[in-house]
Each structure stands twice: as structure tokens, then as C-alpha cells.
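What's in query09.cif: mmCIF, C-alpha atoms
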```
data_upload
#
loop_
_atom_site.group_PDB
_atom_site.id
_atom_site.type_symbol
_atom_site.label_atom_id
_atom_site.label_comp_id
_atom_site.auth_asym_id
_atom_site.auth_seq_id
_atom_site.Cartn_x
_atom_site.Cartn_y
_atom_site.Cartn_z
ATOM 1 C CA MET A 1445 -93.404 -121.997 128.172
ATOM 2 C CA ALA A 1446 -92.746 -119.036 130.427
ATOM 3 C CA ARG A 1447 -92.732 -119.638 134.161
ATOM 4 C CA SER A 1448 -92.913 -117.188 137.015
ATOM 5 C CA LEU A 1449 -90.122 -116.934 139.567
ATOM 6 C CA GLY A 1450 -92.374 -118.560 142.148
ATOM 7 C CA GLU A 1451 -92.584 -121.687 139.992
ATOM 8 C CA LEU A 1452 -88.806 -122.149 139.763
ATOM 9 C CA THR A 1453 -86.908 -124.401 142.115
ATOM 10 C CA ALA A 1454 -84.028 -122.880 144.053
ATOM 11 C CA ASP A 1455 -81.535 -124.588 141.718
ATOM 12 C CA GLU A 1456 -83.326 -123.324 138.597
ATOM 13 C CA PHE A 1457 -83.411 -119.800 139.982
ATOM 14 C CA GLU A 1458 -79.716 -119.946 140.906
ATOM 15 C CA GLU A 1459 -78.851 -121.174 137.401
ATOM 16 C CA LEU A 1460 -80.900 -118.362 135.855
ATOM 17 C CA VAL A 1461 -79.107 -115.759 137.967
ATOM 18 C CA GLU A 1462 -75.687 -117.276 137.173
ATOM 19 C CA ARG A 1463 -76.370 -117.236 133.414
ATOM 20 C CA THR A 1464 -77.541 -113.631 133.587
ATOM 21 C CA ILE A 1465 -74.461 -112.547 135.544
ATOM 22 C CA ASP A 1466 -72.156 -114.458 133.181
ATOM 23 C CA ARG A 1467 -73.675 -112.714 130.158
ATOM 24 C CA ARG A 1468 -73.449 -109.284 131.766
ATOM 25 C CA PHE A 1469 -69.868 -109.965 132.861
ATOM 26 C CA GLU A 1470 -68.895 -111.017 129.344
ATOM 27 C CA VAL A 1471 -70.374 -107.809 127.889
ATOM 28 C CA TRP A 1472 -68.622 -105.706 130.530
ATOM 29 C CA LEU A 1473 -65.249 -107.393 129.950
ATOM 30 C CA THR A 1474 -65.584 -106.950 126.195
ATOM 31 C CA GLN A 1475 -66.363 -103.270 126.633
ATOM 32 C CA LEU A 1476 -63.481 -102.891 129.074
ATOM 33 C CA MET A 1477 -61.004 -104.543 126.709
ATOM 34 C CA ASP A 1478 -62.271 -102.403 123.802
ATOM 35 C CA ALA A 1479 -61.839 -99.272 125.902
ATOM 36 C CA PHE A 1480 -58.310 -100.215 126.964
ATOM 37 C CA GLU A 1481 -57.305 -101.106 123.427
ATOM 38 C CA GLY A 1482 -58.580 -97.736 122.217
ATOM 39 C CA LEU A 1483 -56.672 -95.891 124.937
ATOM 40 C CA SER A 1484 -53.458 -97.717 124.259
ATOM 41 C CA ASP A 1485 -53.656 -96.893 120.539
ATOM 42 C CA GLU A 1486 -54.327 -93.202 121.141
ATOM 43 C CA ASN A 1487 -51.802 -92.537 123.896
ATOM 44 C CA GLY A 1488 -49.107 -95.050 123.131
ATOM 45 C CA ASP A 1489 -49.693 -96.498 126.610
ATOM 46 C CA GLU A 1490 -50.022 -100.196 127.181
ATOM 47 C CA LEU A 1491 -51.556 -102.250 129.942
ATOM 48 C CA ARG A 1492 -49.197 -104.111 132.209
ATOM 49 C CA PRO A 1493 -48.736 -107.515 130.563
ATOM 50 C CA ASP A 1494 -49.905 -109.464 133.629
ATOM 51 C CA PHE A 1495 -53.055 -107.347 133.945
ATOM 52 C CA ALA A 1496 -53.839 -107.633 130.226
ATOM 53 C CA ALA A 1497 -53.347 -111.414 130.379
ATOM 54 C CA SER A 1498 -55.655 -111.637 133.386
ATOM 55 C CA LEU A 1499 -58.364 -109.681 131.561
ATOM 56 C CA ARG A 1500 -58.032 -111.897 128.504
ATOM 57 C CA ARG A 1501 -58.307 -115.060 130.640
ATOM 58 C CA SER A 1502 -61.393 -113.679 132.366
ATOM 59 C CA LEU A 1503 -62.996 -112.895 129.038
ATOM 60 C CA GLU A 1504 -62.159 -116.368 127.689
ATOM 61 C CA HIS A 1505 -63.646 -117.968 130.818
ATOM 62 C CA ALA A 1506 -66.811 -115.893 130.510
ATOM 63 C CA ARG A 1507 -67.217 -116.848 126.861
ATOM 64 C CA SER A 1508 -66.562 -120.543 127.442
ATOM 65 C CA GLY A 1509 -68.845 -120.799 130.451
ATOM 66 C CA VAL A 1510 -66.016 -121.768 132.785
ATOM 67 C CA GLY A 1511 -66.833 -120.533 136.222
ATOM 68 C CA THR A 1512 -66.884 -121.227 139.905
ATOM 69 C CA PRO A 1513 -69.964 -122.777 141.471
ATOM 70 C CA VAL A 1514 -71.706 -120.377 143.829
ATOM 71 C CA ASP A 1515 -71.154 -122.662 146.840
ATOM 72 C CA THR A 1516 -67.409 -122.796 146.156
ATOM 73 C CA PHE A 1517 -67.299 -119.016 145.738
ATOM 74 C CA ARG A 1518 -69.094 -118.547 149.065
ATOM 75 C CA ARG A 1519 -66.683 -120.914 150.826
ATOM 76 C CA GLU A 1520 -63.714 -119.025 149.389
ATOM 77 C CA LEU A 1521 -65.200 -115.792 150.741
ATOM 78 C CA GLY A 1522 -65.555 -117.412 154.150
ATOM 79 C CA ARG A 1523 -69.361 -117.288 154.249
#
```
File written out as C-alpha cells:
Amino acid sequence: MARSLGELTADEFEELVERTIDRRFEVWLTQLMDAFEGLSDENGDELRPDFAASLRRSLEHARSGVGTPVDTFRRELGR
């Protein structure tokens, strides 16, 4: 059953936004990795190993659903 935004609780809305961002982030990371892999094949260039590893970890986290709760993220930003 579809519900309007006004019918969602704050927690339900936050979860909806988090899931949407996670999906978009996963798509973006996949596209980014595909682009970098294509560039490295064509030019013989490679990503710095630490940067490539960081991108792979981020992609794995996005796919597995591992993330930081919004409240924790806000605290880390100092807000």
C-alpha cells in the first residue's frame, strides 16, 4: 500500500532517504570504478593502490548495506 510522505514517521522517512542515497551511491561508485578501469586499460595508467582499495571498500560497503547512522555522521561533522 502506497503512503504519502505526510503519513510517514520521521524514522520511516529517514530510512527511505538513507536507502535511496545508498542505492544512488552504489550506482555512482560502480560507474566510477568502471570508468577508472577503462581509463587504466587504455592509457596504461593505474590508480594509486590506496585510492583503488578505498574505492573498492566503499563499493563493498554500499552493496552490503554497511553504513553510518545519520546521527553518528552528524556528530562526526560537529553538528
Using all atoms listed in the file, which of the listed residues (A:Leu1460, A:Leu1452, A:Ala1446, A:Leu1473) sits closest to Ala1506 in chain A?
->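 Result for the nearest residue to Ala1506 in chain A: A:Leu1473.
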Using all atoms listed in the file, which residues sit within 9 Å of range 1467-1469 of chain A once same-chain residues fewer than 4 positions away are excluded, as a VMD selection string?
-> chain A and resid 1462 to 1463 1473 to 1474 1503 1506 to 1507
Which residue out of A:Glu1520, A:Asp1515, A:Asp1455, A:Glu1470 has the minimum interatomic distance to Arg1500 in chain A when only C-alpha atoms are used?
->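 Closest residue, counting only C-alpha atoms: A:Glu1470.
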Check the smallest atom-to-atom distance from each of A:Pro1493, A:Asp1466, A:Thr1453, A:Glu1459 to Gly1511 in chain A using all atoms listed in the file, then report the winner.
-> A:Asp1466
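Nearest to Ser1502 in chain A of all the residues A:Val1471, A:Leu1449, A:Val1461, A:Ala1454 is A:Val1471, based on all atoms listed in the file.
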One decimal place gives the CA of Thr1464 in chain A-CA of Gly1522 in chain A separation as 24.1 Å
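Among the candidate residues A:Ser1448, A:Leu1521, A:Ile1465, A:Met1477, the one lying nearest to Leu1499 in chain A is A:Met1477, with distances computed using all atoms listed in the file.
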Coordinates-based distance that separates CA of Gly1509 in chain A from CA of Glu1458 in chain A (Å, one decimal) |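 Computing the Euclidean distance for CA of Glu1458 in chain A and CA of Gly1509 in chain A yields 15.1 Å.
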